[in-house]
>>> print(open('upload-v1.cif').read())   # mmCIF, C-alpha atoms
data_run
loop_
_atom_site.group_PDB
_atom_site.id
_atom_site.type_symbol
_atom_site.label_atom_id
_atom_site.label_comp_id
_atom_site.auth_asym_id
_atom_site.auth_seq_id
_atom_site.Cartn_x
_atom_site.Cartn_y
_atom_site.Cartn_z
ATOM 1 C CA MET J 1 245.406 141.985 212.614
ATOM 2 C CA LYS J 2 247.342 140.750 209.601
ATOM 3 C CA PRO J 3 249.498 143.145 207.555
ATOM 4 C CA GLY J 4 247.328 144.824 204.971
ATOM 5 C CA SER J 5 244.138 144.282 206.998
ATOM 6 C CA MET J 6 241.568 147.019 206.843
ATOM 7 C CA VAL J 7 242.328 150.181 208.785
ATOM 8 C CA THR J 8 239.515 152.710 208.505
ATOM 9 C CA LEU J 9 240.614 156.232 207.629
ATOM 10 C CA THR J 10 238.159 159.092 207.975
ATOM 11 C CA MET J 11 238.599 162.288 205.989
ATOM 12 C CA ASN J 12 238.206 165.627 207.702
ATOM 13 C CA ASP J 13 236.809 168.814 206.216
ATOM 14 C CA GLU J 14 240.150 170.094 204.912
ATOM 15 C CA GLY J 15 240.392 167.313 202.340
ATOM 16 C CA ASN J 16 244.103 166.727 202.903
ATOM 17 C CA ARG J 17 244.011 165.192 206.380
ATOM 18 C CA TRP J 18 242.854 161.754 207.461
ATOM 19 C CA THR J 19 242.716 160.095 210.864
ATOM 20 C CA THR J 20 242.410 156.566 212.151
ATOM 21 C CA ARG J 21 242.467 154.837 215.502
ATOM 22 C CA LEU J 22 245.117 152.136 215.848
ATOM 23 C CA PRO J 23 244.000 149.865 218.700
ATOM 24 C CA SER J 24 247.176 147.759 218.737
ATOM 25 C CA VAL J 25 250.774 147.440 217.614
ATOM 26 C CA GLN J 26 249.492 145.140 214.859
ATOM 27 C CA ALA J 27 247.135 147.868 213.607
ATOM 28 C CA THR J 28 250.027 150.344 213.453
ATOM 29 C CA GLU J 29 252.067 147.847 211.463
ATOM 30 C CA SER J 30 249.047 147.136 209.252
ATOM 31 C CA LEU J 31 248.672 150.827 208.380
ATOM 32 C CA GLY J 32 252.340 150.926 207.397
ATOM 33 C CA HIS J 33 251.900 147.777 205.289
ATOM 34 C CA ARG J 34 248.880 149.239 203.539
ATOM 35 C CA ILE J 35 250.790 152.417 202.677
ATOM 36 C CA GLY J 36 253.853 150.430 201.597
ATOM 37 C CA GLN J 37 251.776 148.461 199.108
ATOM 38 C CA GLN J 38 250.780 151.714 197.383
ATOM 39 C CA LEU J 39 254.277 153.194 197.073
ATOM 40 C CA THR J 40 255.823 153.483 193.618
ATOM 41 C CA GLY J 41 259.112 155.241 194.492
ATOM 42 C CA GLY J 42 260.054 158.846 195.054
ATOM 43 C CA GLU J 43 257.734 159.349 198.037
ATOM 44 C CA ILE J 44 258.788 161.182 201.197
ATOM 45 C CA ILE J 45 257.097 160.209 204.464
ATOM 46 C CA ALA J 46 257.644 162.435 207.484
ATOM 47 C CA LEU J 47 256.904 160.649 210.773
ATOM 48 C CA ARG J 48 256.153 162.565 213.940
ATOM 49 C CA GLY J 49 255.239 161.503 217.441
ATOM 50 C CA GLU J 50 256.699 161.264 220.901
ATOM 51 C CA LEU J 51 258.952 158.440 222.041
ATOM 52 C CA GLY J 52 257.187 155.102 221.903
ATOM 53 C CA ALA J 53 254.401 156.329 219.622
ATOM 54 C CA GLY J 54 255.053 153.547 217.111
ATOM 55 C CA LYS J 55 257.145 155.203 214.403
ATOM 56 C CA THR J 56 259.520 152.259 213.919
ATOM 57 C CA VAL J 57 256.622 149.780 214.146
ATOM 58 C CA PHE J 58 254.949 151.736 211.343
ATOM 59 C CA VAL J 59 258.170 151.548 209.260
ATOM 60 C CA ARG J 60 258.312 147.765 209.784
ATOM 61 C CA GLY J 61 254.847 147.486 208.298
ATOM 62 C CA LEU J 62 255.721 149.831 205.446
ATOM 63 C CA ALA J 63 258.803 147.725 204.693
ATOM 64 C CA SER J 64 256.701 144.549 204.522
ATOM 65 C CA GLY J 65 254.401 146.348 202.081
ATOM 66 C CA ILE J 66 257.345 146.848 199.718
ATOM 67 C CA LEU J 67 258.508 143.250 200.163
ATOM 68 C CA ILE J 68 261.262 143.789 202.709
ATOM 69 C CA ASP J 69 261.459 141.353 205.622
ATOM 70 C CA SER J 70 260.100 143.439 208.504
ATOM 71 C CA ALA J 71 262.225 141.420 210.962
ATOM 72 C CA VAL J 72 265.372 143.162 209.663
ATOM 73 C CA VAL J 73 263.961 146.672 210.174
ATOM 74 C CA THR J 74 265.320 148.353 213.291
ATOM 75 C CA SER J 75 265.430 151.915 214.512
ATOM 76 C CA PRO J 76 268.409 153.796 213.068
ATOM 77 C CA THR J 77 268.655 155.951 216.209
ATOM 78 C CA PHE J 78 272.421 155.538 216.508
ATOM 79 C CA THR J 79 273.395 155.044 212.866
ATOM 80 C CA LEU J 80 270.863 157.706 211.752
ATOM 81 C CA ILE J 81 270.097 156.032 208.387
ATOM 82 C CA HIS J 82 269.314 152.440 207.394
ATOM 83 C CA GLU J 83 268.815 151.327 203.806
ATOM 84 C CA TYR J 84 266.780 148.328 202.716
ATOM 85 C CA GLN J 85 266.069 146.837 199.305
ATOM 86 C CA GLY J 86 262.818 145.180 198.340
ATOM 87 C CA ARG J 87 260.409 146.002 195.557
ATOM 88 C CA LEU J 88 261.685 149.560 196.155
ATOM 89 C CA HIS J 89 264.764 151.053 197.824
ATOM 90 C CA LEU J 90 263.802 152.205 201.333
ATOM 91 C CA ILE J 91 265.765 154.902 203.174
ATOM 92 C CA HIS J 92 264.844 154.966 206.879
ATOM 93 C CA ALA J 93 266.228 157.948 208.798
ATOM 94 C CA ASP J 94 265.888 158.718 212.496
ATOM 95 C CA LEU J 95 266.817 162.290 213.427
ATOM 96 C CA TYR J 96 266.107 161.984 217.169
ATOM 97 C CA ARG J 97 269.734 162.442 218.227
ATOM 98 C CA LEU J 98 270.337 165.554 216.122
ATOM 99 C CA GLU J 99 270.567 168.690 218.217
ATOM 100 C CA LEU J 100 271.556 171.525 215.915
ATOM 101 C CA PRO J 101 269.580 173.008 213.018
ATOM 102 C CA HIS J 102 270.793 171.726 209.656
ATOM 103 C CA GLU J 103 272.904 169.015 211.321
ATOM 104 C CA TRP J 104 270.999 166.573 209.116
ATOM 105 C CA LEU J 105 272.682 168.060 206.012
ATOM 106 C CA GLY J 106 275.867 166.116 206.758
ATOM 107 C CA LEU J 107 273.983 162.832 206.413
ATOM 108 C CA GLY J 108 273.440 163.118 202.662
ATOM 109 C CA LEU J 109 269.722 162.533 203.168
ATOM 110 C CA GLN J 110 268.795 165.278 200.706
ATOM 111 C CA GLU J 111 270.372 163.249 197.885
ATOM 112 C CA TYR J 112 267.511 160.769 198.187
ATOM 113 C CA PHE J 113 264.770 163.401 197.941
ATOM 114 C CA HIS J 114 264.857 163.433 194.151
ATOM 115 C CA SER J 115 265.375 159.737 193.539
ATOM 116 C CA SER J 116 263.170 156.717 193.056
ATOM 117 C CA SER J 117 263.817 155.675 196.665
ATOM 118 C CA VAL J 118 261.154 155.870 199.356
ATOM 119 C CA VAL J 119 262.408 158.082 202.192
ATOM 120 C CA VAL J 120 260.892 157.721 205.664
ATOM 121 C CA ILE J 121 262.084 160.219 208.277
ATOM 122 C CA GLU J 122 261.409 159.693 211.984
ATOM 123 C CA TRP J 123 261.504 162.915 214.015
ATOM 124 C CA ALA J 124 260.991 164.887 210.800
ATOM 125 C CA GLU J 125 260.419 168.063 212.813
ATOM 126 C CA ARG J 126 264.212 168.209 213.299
ATOM 127 C CA MET J 127 264.488 169.359 209.673
ATOM 128 C CA GLU J 128 261.128 171.136 209.434
ATOM 129 C CA ASP J 129 262.073 174.013 207.135
ATOM 130 C CA ASP J 130 264.089 171.750 204.842
ATOM 131 C CA LEU J 131 261.555 168.995 204.219
ATOM 132 C CA PRO J 132 260.514 168.579 200.585
ATOM 133 C CA PRO J 133 257.262 170.466 199.908
ATOM 134 C CA ASP J 134 255.364 167.362 198.726
ATOM 135 C CA ARG J 135 255.347 164.721 201.430
ATOM 136 C CA LEU J 136 252.993 162.536 203.396
ATOM 137 C CA GLU J 137 253.129 163.512 207.062
ATOM 138 C CA ILE J 138 252.057 160.964 209.646
ATOM 139 C CA TYR J 139 251.494 161.958 213.265
ATOM 140 C CA LEU J 140 251.302 159.079 215.736
ATOM 141 C CA GLU J 141 249.815 159.889 219.134
ATOM 142 C CA HIS J 142 249.357 157.784 222.265
ATOM 143 C CA GLN J 143 245.675 157.304 223.105
ATOM 144 C CA GLN J 144 245.868 154.586 225.741
ATOM 145 C CA ARG J 145 248.526 152.106 226.769
ATOM 146 C CA SER J 146 248.542 150.145 223.509
ATOM 147 C CA SER J 147 246.371 152.249 221.211
ATOM 148 C CA ARG J 148 247.388 155.122 218.999
ATOM 149 C CA LYS J 149 245.802 157.699 216.778
ATOM 150 C CA ALA J 150 247.334 158.294 213.357
ATOM 151 C CA THR J 151 246.787 161.491 211.427
ATOM 152 C CA LEU J 152 247.939 161.536 207.817
ATOM 153 C CA ARG J 153 248.366 164.828 205.979
ATOM 154 C CA SER J 154 249.287 165.344 202.360
ATOM 155 C CA THR J 155 251.244 168.482 201.475
ATOM 156 C CA GLY J 156 251.224 168.275 197.678
ATOM 157 C CA PRO J 157 249.810 166.455 194.654
ATOM 158 C CA GLN J 158 251.963 163.296 194.847
ATOM 159 C CA SER J 159 251.270 162.771 198.561
ATOM 160 C CA ARG J 160 247.565 163.495 198.079
ATOM 161 C CA GLU J 161 247.394 160.895 195.302
ATOM 162 C CA LEU J 162 249.090 158.387 197.635
ATOM 163 C CA ALA J 163 246.646 159.175 200.442
ATOM 164 C CA LEU J 164 243.670 158.741 198.130
ATOM 165 C CA LYS J 165 244.998 155.325 197.028
ATOM 166 C CA ILE J 166 245.237 154.328 200.691
ATOM 167 C CA LEU J 167 241.609 155.341 201.203
ATOM 168 C CA GLU J 168 240.355 153.065 198.382
#
>>> encode(input="upload-v1.cif", output="structure tokens")
Amino acid sequence: MKPGSMVTLTMNDEGNRWTTRLPSVQATESLGHRIGQQLTGGEIIALRGELGAGKTVFVRGLASGILIDSAVVTSPTFTLIHEYQGRLHLIHADLYRLELPHEWLGLGLQEYFHSSSVVVIEWAERMEDDLPPDRLEIYLEHQQRSSRKATLRSTGPQSRELALKILE
């Protein structure tokens, strides 16, 4: 599947949650690419999912959607934050190694929440109570060896507008 290829999202009854099956790594990257193409700056994306669920693969696709070479995108597990510049400024945070509540505050991540940067946070549950109220949450779940299920949830008007653009 090429980046930007069709990924079918189905809306559930709540109106703010969408799901799709991702049968391959390429499909996960394609979903990220599709979302990246719709970003305008200022969006917060909270990624959730167990180890190996495809969070960094998704970010690679998102980066390609905002004209960043996906080959340079790596997991910031040890550095905690990577920054990339393309059509938009991308902040990619990975909070996996954080152990204490509010430990993320020392990273300066909150400074990007009110900017024109796109902020993508892997292991967003590590800062659950401090996440901005309007964000697109993406849950990646293992289904089989190489397939995943993605659930997208909007939590406010900006993220809902983004989700609706993705559905078009």
>>> atom_distance(input="upload-v1.cif", atom1="CA of Leu51 in chain J", atom2="CA of Gly36 in chain J")
22.5 Å
>>> resolve_selection(input="upload-v1.cif", expression="the PyMOL selection byres ((chain J and resi 78) around 10)", output="MDAnalysis selection string")
chainID J and resid 75:77 79:81 94:97
>>> resolve_selection(input="upload-v1.cif", expression="the PyMOL selection byres ((chain J and resi 39) around 9)", output="MDAnalysis selection string")
chainID J and resid 35:38 40:43 65:66 88 118 162
>>> atom_distance(input="upload-v1.cif", atom1="CA of Glu161 in chain J", atom2="CA of Thr19 in chain J")
16.3 Å
>>> closest_atom_pairs(input="upload-v1.cif", of="range 80-138 of chain J", to="range 148-152 of chain J", cutoff="10 Å", atoms="only C-alpha atoms", output="JSON lines")
{"residue": "J:Leu136", "atom": "CA", "partner": "J:Leu152", "partner_atom": "CA", "distance": 6.8}
{"residue": "J:Glu137", "atom": "CA", "partner": "J:Leu152", "partner_atom": "CA", "distance": 5.6}
{"residue": "J:Ile138", "atom": "CA", "partner": "J:Leu152", "partner_atom": "CA", "distance": 4.5}
>>> closest_residue(input="upload-v1.cif", among="J:His82, J:Gly52, J:Pro157, J:Ala46", to="Met127 in chain J", atoms="all atoms listed in the file")
J:Ala46
>>> closest_residue(input="upload-v1.cif", among="J:Ala53, J:Asp134, J:Ala63, J:Arg17", to="Gln158 in chain J", atoms="all atoms listed in the file")
J:Asp134
>>> closest_residue(input="upload-v1.cif", among="J:Arg160, J:His142, J:Arg87, J:Arg135", to="Ile121 in chain J", atoms="all atoms listed in the file")
J:Arg135
>>> closest_residue(input="upload-v1.cif", among="J:Leu98, J:Val73, J:Leu107, J:Val25", to="Glu125 in chain J", atoms="all atoms listed in the file")
J:Leu98
>>> axis_aligned_box(input="upload-v1.cif", around="range 41-44 of chain J", padding_each_side="8 Å", output="lines of an AutoDock Vina configuration file")
center_x = 258.9
center_y = 158.2
center_z = 197.8
size_x = 18.3
size_y = 21.9
size_z = 22.7
>>> atom_distance(input="upload-v1.cif", atom1="CA of Ile91 in chain J", atom2="CA of Val120 in chain J")
6.2 Å
>>> residues_near_point(input="upload-v1.cif", point="(255.8, 154.3, 212.3)", cutoff="8 Å", atoms="all atoms listed in the file", output="list in words")
Thr28, Glu29, Gly32, Leu47, Ala53, Gly54, Lys55, Thr56, Val57, Phe58, Val59, Arg60, Gly61, Glu122 and Leu140 of chain J
>>> closest_residue(input="upload-v1.cif", among="J:Arg48, J:Phe113, J:Gly86, J:Glu141", to="Glu128 in chain J", atoms="all atoms listed in the file")
J:Arg48
>>> residues_around(input="upload-v1.cif", residues="Glu83 in chain J", least_positions_apart="6", cutoff="9 Å", atoms="only C-alpha atoms", output="VMD selection string")
chain J and resid 89 to 93
>>> write_last_selection(input="upload-v1.cif", atoms="C-alpha atoms", output="short mmCIF file (atom, residue, chain, number, x, y, z; two decimals), keeping the file's coordinate frame")
data_model
loop_
_atom_site.label_atom_id
_atom_site.label_comp_id
_atom_site.auth_asym_id
_atom_site.auth_seq_id
_atom_site.Cartn_x
_atom_site.Cartn_y
_atom_site.Cartn_z
CA HIS J 89 264.76 151.05 197.82
CA LEU J 90 263.80 152.21 201.33
CA ILE J 91 265.76 154.90 203.17
CA HIS J 92 264.84 154.97 206.88
CA ALA J 93 266.23 157.95 208.80
#
